Amino acid sequence: MTLLNPRDLERYSRQLPLFGEAGQECLKKAHIFIAGAGGLGSPVSMYLAVAGLGSLTIADMDAVDLSNLNRQILHSNKDIGKRKTVSATETLEAFNPDLTIHAIDTRINQDNVSGLVGDADGIVDATDNFQTRYILNRVAIEKGIPFFHGAVRGFHGQVSTIVPGKGPCLACIFPRAPPEETTPVIGATAGVIGAFQATEVIKYLTKSGQLLCGRLLVWDGLAAIAEEIAIERSPACVICNEIRSGNGVEKEDRK
């Protein structure tokens, strides 16, 4: 028996030819954790919402500031001063009232990350610092779920999909974090990279196409060029070796 109702069939009629009702049902049953409701979290969550995802958990600890509005399109002038989790929930519910949203106003750390992610089918990296990214990378490997990495700076960005047991983890790709900075960025770059990330999530859930596993896509907006770098697991990676030699459990692969 199908999980799709007549409204679903009409709403998603332009994407059903791509992966069928079975694929749409996979989206409707899915739960994705998004770390951040800012520049990347905005387009990722919006595109997943309108694609028909069933459940999103969004974690962010900030309030909306005027300086956010050049790129954080979940929020607008009327939301200045409001908690981002509240503003994000209102915006996403307006896009798709059938979406279940769990918005958590907290800072992600190594002590709470496993509970925050819970039983999610995947983790989206919409953060702006590598310390949090490494924490998310580790819990994704421990839980055996994919980690959809994205980062932006200026007109440039990068995307990769970490699939436990199938390719390198984030620490393999970036064994050392770059220096911290207040990152310059234009909203369009966040939109491009966030759209790539959302596409990877949809592909993973619907078993469509080829994921960016073992590949880092690098976007140069100034030259309008996207390049790909092949990445392999690092035998020196502490995270991979520690977890894979321990009791980490990998979920059944969708890809």
# chains A, B, ... in the order shown; residues from 1 in each chain; ligands from 1

call {"tool": "select_by_dssp", "arguments": {"residues": "region 66-193 of chain A", "states": "helix (DSSP H, G or I)", "output": "PyMOL selection string"}}
result
chain A and resi 66-68+77-79+84-95+113-117+130-143+170-173+187-193

call {"tool": "residues_around", "arguments": {"residues": "region 178-184 of chain A", "least_positions_apart": "4", "cutoff": "10 Å", "atoms": "only C-alpha atoms", "output": "list in words"}}
result
Asp128, Asn129, Phe130, Gln131, Val152, Arg153, Gly154, Phe155 and Phe174 of chain A

call {"tool": "write_last_selection", "arguments": {"atoms": "N, CA and C atoms", "output": "PDB file, in the first residue's frame"}}
result
ATOM      1  N   ASP A 128      29.836  26.343  10.131  1.00  0.00           N
ATOM      2  CA  ASP A 128      30.842  27.268   9.603  1.00  0.00           C
ATOM      3  C   ASP A 128      32.200  27.072  10.275  1.00  0.00           C
ATOM      4  N   ASN A 129      32.401  25.909  10.934  1.00  0.00           N
ATOM      5  CA  ASN A 129      33.693  25.681  11.590  1.00  0.00           C
ATOM      6  C   ASN A 129      34.034  24.197  11.571  1.00  0.00           C
ATOM      7  N   PHE A 130      35.331  23.914  11.484  1.00  0.00           N
ATOM      8  CA  PHE A 130      35.772  22.529  11.349  1.00  0.00           C
ATOM      9  C   PHE A 130      35.708  21.761  12.665  1.00  0.00           C
ATOM     10  N   GLN A 131      35.762  22.412  13.777  1.00  0.00           N
ATOM     11  CA  GLN A 131      35.643  21.702  15.044  1.00  0.00           C
ATOM     12  C   GLN A 131      34.318  20.950  15.103  1.00  0.00           C
ATOM     13  N   VAL A 152      31.700  27.010   2.344  1.00  0.00           N
ATOM     14  CA  VAL A 152      31.764  28.136   1.410  1.00  0.00           C
ATOM     15  C   VAL A 152      32.738  29.192   1.918  1.00  0.00           C
ATOM     16  N   ARG A 153      33.312  29.918   0.956  1.00  0.00           N
ATOM     17  CA  ARG A 153      34.137  31.088   1.266  1.00  0.00           C
ATOM     18  C   ARG A 153      34.145  31.993   0.045  1.00  0.00           C
ATOM     19  N   GLY A 154      33.601  33.185   0.192  1.00  0.00           N
ATOM     20  CA  GLY A 154      33.562  34.113  -0.935  1.00  0.00           C
ATOM     21  C   GLY A 154      32.737  33.573  -2.088  1.00  0.00           C
ATOM     22  N   PHE A 155      33.371  33.490  -3.269  1.00  0.00           N
ATOM     23  CA  PHE A 155      32.730  32.937  -4.463  1.00  0.00           C
ATOM     24  C   PHE A 155      33.023  31.450  -4.621  1.00  0.00           C
ATOM     25  N   PHE A 174      40.514  16.275   5.111  1.00  0.00           N
ATOM     26  CA  PHE A 174      41.090  17.451   5.773  1.00  0.00           C
ATOM     27  C   PHE A 174      41.650  17.020   7.133  1.00  0.00           C
TER      28      PHE A 174
END

call {"tool": "select_by_dssp", "arguments": {"residues": "region 39-195 of chain A", "states": "strand (DSSP E)", "output": "MDAnalysis selection string"}}
result
chainID A and resid 55:60 100:105 122:125 147:153 156:162

call {"tool": "write_last_selection", "arguments": {"atoms": "N, CA and C atoms", "output": "PDB file, in the first residue's frame"}}
result
ATOM      1  N   SER A  55      10.863  14.270   7.617  1.00  0.00           N
ATOM      2  CA  SER A  55      11.240  14.834   8.910  1.00  0.00           C
ATOM      3  C   SER A  55      12.617  15.461   8.847  1.00  0.00           C
ATOM      4  N   LEU A  56      12.745  16.651   9.427  1.00  0.00           N
ATOM      5  CA  LEU A  56      14.024  17.339   9.545  1.00  0.00           C
ATOM      6  C   LEU A  56      14.273  17.696  11.001  1.00  0.00           C
ATOM      7  N   THR A  57      15.470  17.437  11.483  1.00  0.00           N
ATOM      8  CA  THR A  57      15.920  17.984  12.750  1.00  0.00           C
ATOM      9  C   THR A  57      16.961  19.046  12.439  1.00  0.00           C
ATOM     10  N   ILE A  58      16.766  20.244  12.959  1.00  0.00           N
ATOM     11  CA  ILE A  58      17.680  21.360  12.713  1.00  0.00           C
ATOM     12  C   ILE A  58      18.204  21.875  14.048  1.00  0.00           C
ATOM     13  N   ALA A  59      19.510  21.915  14.179  1.00  0.00           N
ATOM     14  CA  ALA A  59      20.123  22.403  15.412  1.00  0.00           C
ATOM     15  C   ALA A  59      20.884  23.692  15.126  1.00  0.00           C
ATOM     16  N   ASP A  60      20.586  24.727  15.906  1.00  0.00           N
ATOM     17  CA  ASP A  60      21.273  26.019  15.789  1.00  0.00           C
ATOM     18  C   ASP A  60      21.086  26.747  17.119  1.00  0.00           C
ATOM     19  N   THR A 100       7.596  17.318   9.121  1.00  0.00           N
ATOM     20  CA  THR A 100       7.774  17.313  10.574  1.00  0.00           C
ATOM     21  C   THR A 100       9.130  17.932  10.895  1.00  0.00           C
ATOM     22  N   ILE A 101       9.143  18.970  11.719  1.00  0.00           N
ATOM     23  CA  ILE A 101      10.373  19.699  12.022  1.00  0.00           C
ATOM     24  C   ILE A 101      10.664  19.615  13.515  1.00  0.00           C
ATOM     25  N   HIS A 102      11.866  19.191  13.828  1.00  0.00           N
ATOM     26  CA  HIS A 102      12.361  19.208  15.204  1.00  0.00           C
ATOM     27  C   HIS A 102      13.474  20.253  15.245  1.00  0.00           C
ATOM     28  N   ALA A 103      13.186  21.405  15.784  1.00  0.00           N
ATOM     29  CA  ALA A 103      14.166  22.497  15.840  1.00  0.00           C
ATOM     30  C   ALA A 103      14.728  22.579  17.257  1.00  0.00           C
ATOM     31  N   ILE A 104      16.050  22.473  17.374  1.00  0.00           N
ATOM     32  CA  ILE A 104      16.700  22.403  18.678  1.00  0.00           C
ATOM     33  C   ILE A 104      17.652  23.577  18.824  1.00  0.00           C
ATOM     34  N   ASP A 105      17.392  24.418  19.810  1.00  0.00           N
ATOM     35  CA  ASP A 105      18.207  25.615  20.051  1.00  0.00           C
ATOM     36  C   ASP A 105      19.357  25.249  20.989  1.00  0.00           C
ATOM     37  N   GLY A 122      20.734  10.536   7.962  1.00  0.00           N
ATOM     38  CA  GLY A 122      21.916  11.205   7.440  1.00  0.00           C
ATOM     39  C   GLY A 122      22.110  12.543   8.133  1.00  0.00           C
ATOM     40  N   ILE A 123      23.325  13.077   8.006  1.00  0.00           N
ATOM     41  CA  ILE A 123      23.690  14.346   8.643  1.00  0.00           C
ATOM     42  C   ILE A 123      24.156  15.315   7.571  1.00  0.00           C
ATOM     43  N   VAL A 124      23.613  16.516   7.583  1.00  0.00           N
ATOM     44  CA  VAL A 124      24.049  17.567   6.664  1.00  0.00           C
ATOM     45  C   VAL A 124      24.934  18.550   7.418  1.00  0.00           C
ATOM     46  N   ASP A 125      26.108  18.789   6.886  1.00  0.00           N
ATOM     47  CA  ASP A 125      27.054  19.752   7.439  1.00  0.00           C
ATOM     48  C   ASP A 125      26.709  21.139   6.903  1.00  0.00           C
ATOM     49  N   PHE A 147      27.331  11.482   5.762  1.00  0.00           N
ATOM     50  CA  PHE A 147      27.608  12.845   6.219  1.00  0.00           C
ATOM     51  C   PHE A 147      27.816  13.696   4.975  1.00  0.00           C
ATOM     52  N   PHE A 148      26.927  14.658   4.758  1.00  0.00           N
ATOM     53  CA  PHE A 148      26.939  15.469   3.544  1.00  0.00           C
ATOM     54  C   PHE A 148      27.668  16.782   3.834  1.00  0.00           C
ATOM     55  N   HIS A 149      28.939  16.844   3.471  1.00  0.00           N
ATOM     56  CA  HIS A 149      29.784  17.992   3.787  1.00  0.00           C
ATOM     57  C   HIS A 149      29.621  19.109   2.766  1.00  0.00           C
ATOM     58  N   GLY A 150      29.603  20.333   3.268  1.00  0.00           N
ATOM     59  CA  GLY A 150      29.625  21.507   2.414  1.00  0.00           C
ATOM     60  C   GLY A 150      30.298  22.652   3.136  1.00  0.00           C
ATOM     61  N   ALA A 151      30.974  23.505   2.391  1.00  0.00           N
ATOM     62  CA  ALA A 151      31.620  24.672   2.980  1.00  0.00           C
ATOM     63  C   ALA A 151      31.720  25.754   1.913  1.00  0.00           C
ATOM     64  N   VAL A 152      31.700  27.010   2.344  1.00  0.00           N
ATOM     65  CA  VAL A 152      31.764  28.136   1.410  1.00  0.00           C
ATOM     66  C   VAL A 152      32.738  29.192   1.918  1.00  0.00           C
ATOM     67  N   ARG A 153      33.312  29.918   0.956  1.00  0.00           N
ATOM     68  CA  ARG A 153      34.137  31.088   1.266  1.00  0.00           C
ATOM     69  C   ARG A 153      34.145  31.993   0.045  1.00  0.00           C
ATOM     70  N   HIS A 156      33.649  30.837  -3.613  1.00  0.00           N
ATOM     71  CA  HIS A 156      34.106  29.458  -3.730  1.00  0.00           C
ATOM     72  C   HIS A 156      33.400  28.553  -2.722  1.00  0.00           C
ATOM     73  N   GLY A 157      33.327  27.267  -3.060  1.00  0.00           N
ATOM     74  CA  GLY A 157      32.718  26.310  -2.153  1.00  0.00           C
ATOM     75  C   GLY A 157      33.167  24.906  -2.471  1.00  0.00           C
ATOM     76  N   GLN A 158      32.798  23.969  -1.611  1.00  0.00           N
ATOM     77  CA  GLN A 158      33.179  22.569  -1.801  1.00  0.00           C
ATOM     78  C   GLN A 158      32.094  21.663  -1.229  1.00  0.00           C
ATOM     79  N   VAL A 159      31.991  20.473  -1.808  1.00  0.00           N
ATOM     80  CA  VAL A 159      30.986  19.491  -1.402  1.00  0.00           C
ATOM     81  C   VAL A 159      31.582  18.098  -1.491  1.00  0.00           C
ATOM     82  N   SER A 160      31.251  17.244  -0.523  1.00  0.00           N
ATOM     83  CA  SER A 160      31.582  15.834  -0.601  1.00  0.00           C
ATOM     84  C   SER A 160      30.578  15.063   0.238  1.00  0.00           C
ATOM     85  N   THR A 161      30.396  13.799  -0.091  1.00  0.00           N
ATOM     86  CA  THR A 161      29.506  12.938   0.670  1.00  0.00           C
ATOM     87  C   THR A 161      30.312  11.817   1.301  1.00  0.00           C
ATOM     88  N   ILE A 162      30.274  11.760   2.627  1.00  0.00           N
ATOM     89  CA  ILE A 162      31.006  10.745   3.380  1.00  0.00           C
ATOM     90  C   ILE A 162      30.067   9.571   3.617  1.00  0.00           C
TER      91      ILE A 162
END

call {"tool": "residues_around", "arguments": {"residues": "Ile231 (chain A)", "least_positions_apart": "6", "cutoff": "12 Å", "atoms": "only C-alpha atoms", "output": "PyMOL selection string"}}
result
chain A and resi 160-162+166-174+212-217

call {"tool": "residues_around", "arguments": {"residues": "Gln72 (chain A)", "least_positions_apart": "5", "cutoff": "12 Å", "atoms": "only C-alpha atoms", "output": "ChimeraX atom specification"}}
result
/A:36-46,63-67,77,79-80,84,87-88,91,126,185-191,194

call {"tool": "atom_distance", "arguments": {"atom1": "CA of Gly118 (chain A)", "atom2": "CA of Ala195 (chain A)"}}
result
24.4 Å

call {"tool": "residues_around", "arguments": {"residues": "Lys29 (chain A)", "least_positions_apart": "4", "cutoff": "9 Å", "atoms": "only C-alpha atoms", "output": "PyMOL selection string"}}
result
chain A and resi 3+24-25+53-55

call {"tool": "write_last_selection", "arguments": {"atoms": "N, CA and C atoms", "output": "mmCIF file, in the first residue's frame"}}
result
data_model
loop_
_atom_site.group_PDB
_atom_site.id
_atom_site.type_symbol
_atom_site.label_atom_id
_atom_site.label_comp_id
_atom_site.auth_asym_id
_atom_site.auth_seq_id
_atom_site.Cartn_x
_atom_site.Cartn_y
_atom_site.Cartn_z
ATOM 1 N N LEU A 3 2.302 5.022 0.536
ATOM 2 C CA LEU A 3 2.249 6.038 1.586
ATOM 3 C C LEU A 3 1.828 7.392 1.041
ATOM 4 N N GLN A 24 9.715 8.497 -3.974
ATOM 5 C CA GLN A 24 9.029 9.531 -3.217
ATOM 6 C C GLN A 24 8.653 9.035 -1.827
ATOM 7 N N GLU A 25 8.286 7.781 -1.720
ATOM 8 C CA GLU A 25 7.995 7.203 -0.415
ATOM 9 C C GLU A 25 9.252 7.174 0.460
ATOM 10 N N LEU A 53 10.570 15.612 1.886
ATOM 11 C CA LEU A 53 11.163 14.880 2.992
ATOM 12 C C LEU A 53 10.171 14.794 4.148
ATOM 13 N N GLY A 54 10.210 13.691 4.888
ATOM 14 C CA GLY A 54 9.243 13.510 5.957
ATOM 15 C C GLY A 54 9.573 14.262 7.224
ATOM 16 N N SER A 55 10.863 14.270 7.617
ATOM 17 C CA SER A 55 11.240 14.834 8.910
ATOM 18 C C SER A 55 12.617 15.461 8.847
#

call {"tool": "closest_residue", "arguments": {"among": "A:Ile108, A:Leu211, A:Ala223, A:Leu74", "to": "Glu93 (chain A)", "atoms": "only C-alpha atoms"}}
result
A:Leu74

call {"tool": "atom_distance", "arguments": {"atom1": "CA of His75 (chain A)", "atom2": "CA of Asn112 (chain A)"}}
result
26.1 Å

call {"tool": "closest_residue", "arguments": {"among": "A:Arg7, A:Arg138, A:Lys28, A:Lys78", "to": "Ala51 (chain A)", "atoms": "only C-alpha atoms"}}
result
A:Lys28

call {"tool": "closest_residue", "arguments": {"among": "A:Ile193, A:Ile32, A:Ile141, A:Pro6", "to": "Glu242 (chain A)", "atoms": "only C-alpha atoms"}}
result
A:Ile141

call {"tool": "atom_distance", "arguments": {"atom1": "CA of Phe33 (chain A)", "atom2": "CA of Tyr134 (chain A)"}}
result
15.4 Å

call {"tool": "closest_residue", "arguments": {"among": "A:Met61, A:Leu27, A:Ala198, A:Leu18", "to": "Leu4 (chain A)", "atoms": "only C-alpha atoms"}}
result
A:Leu27
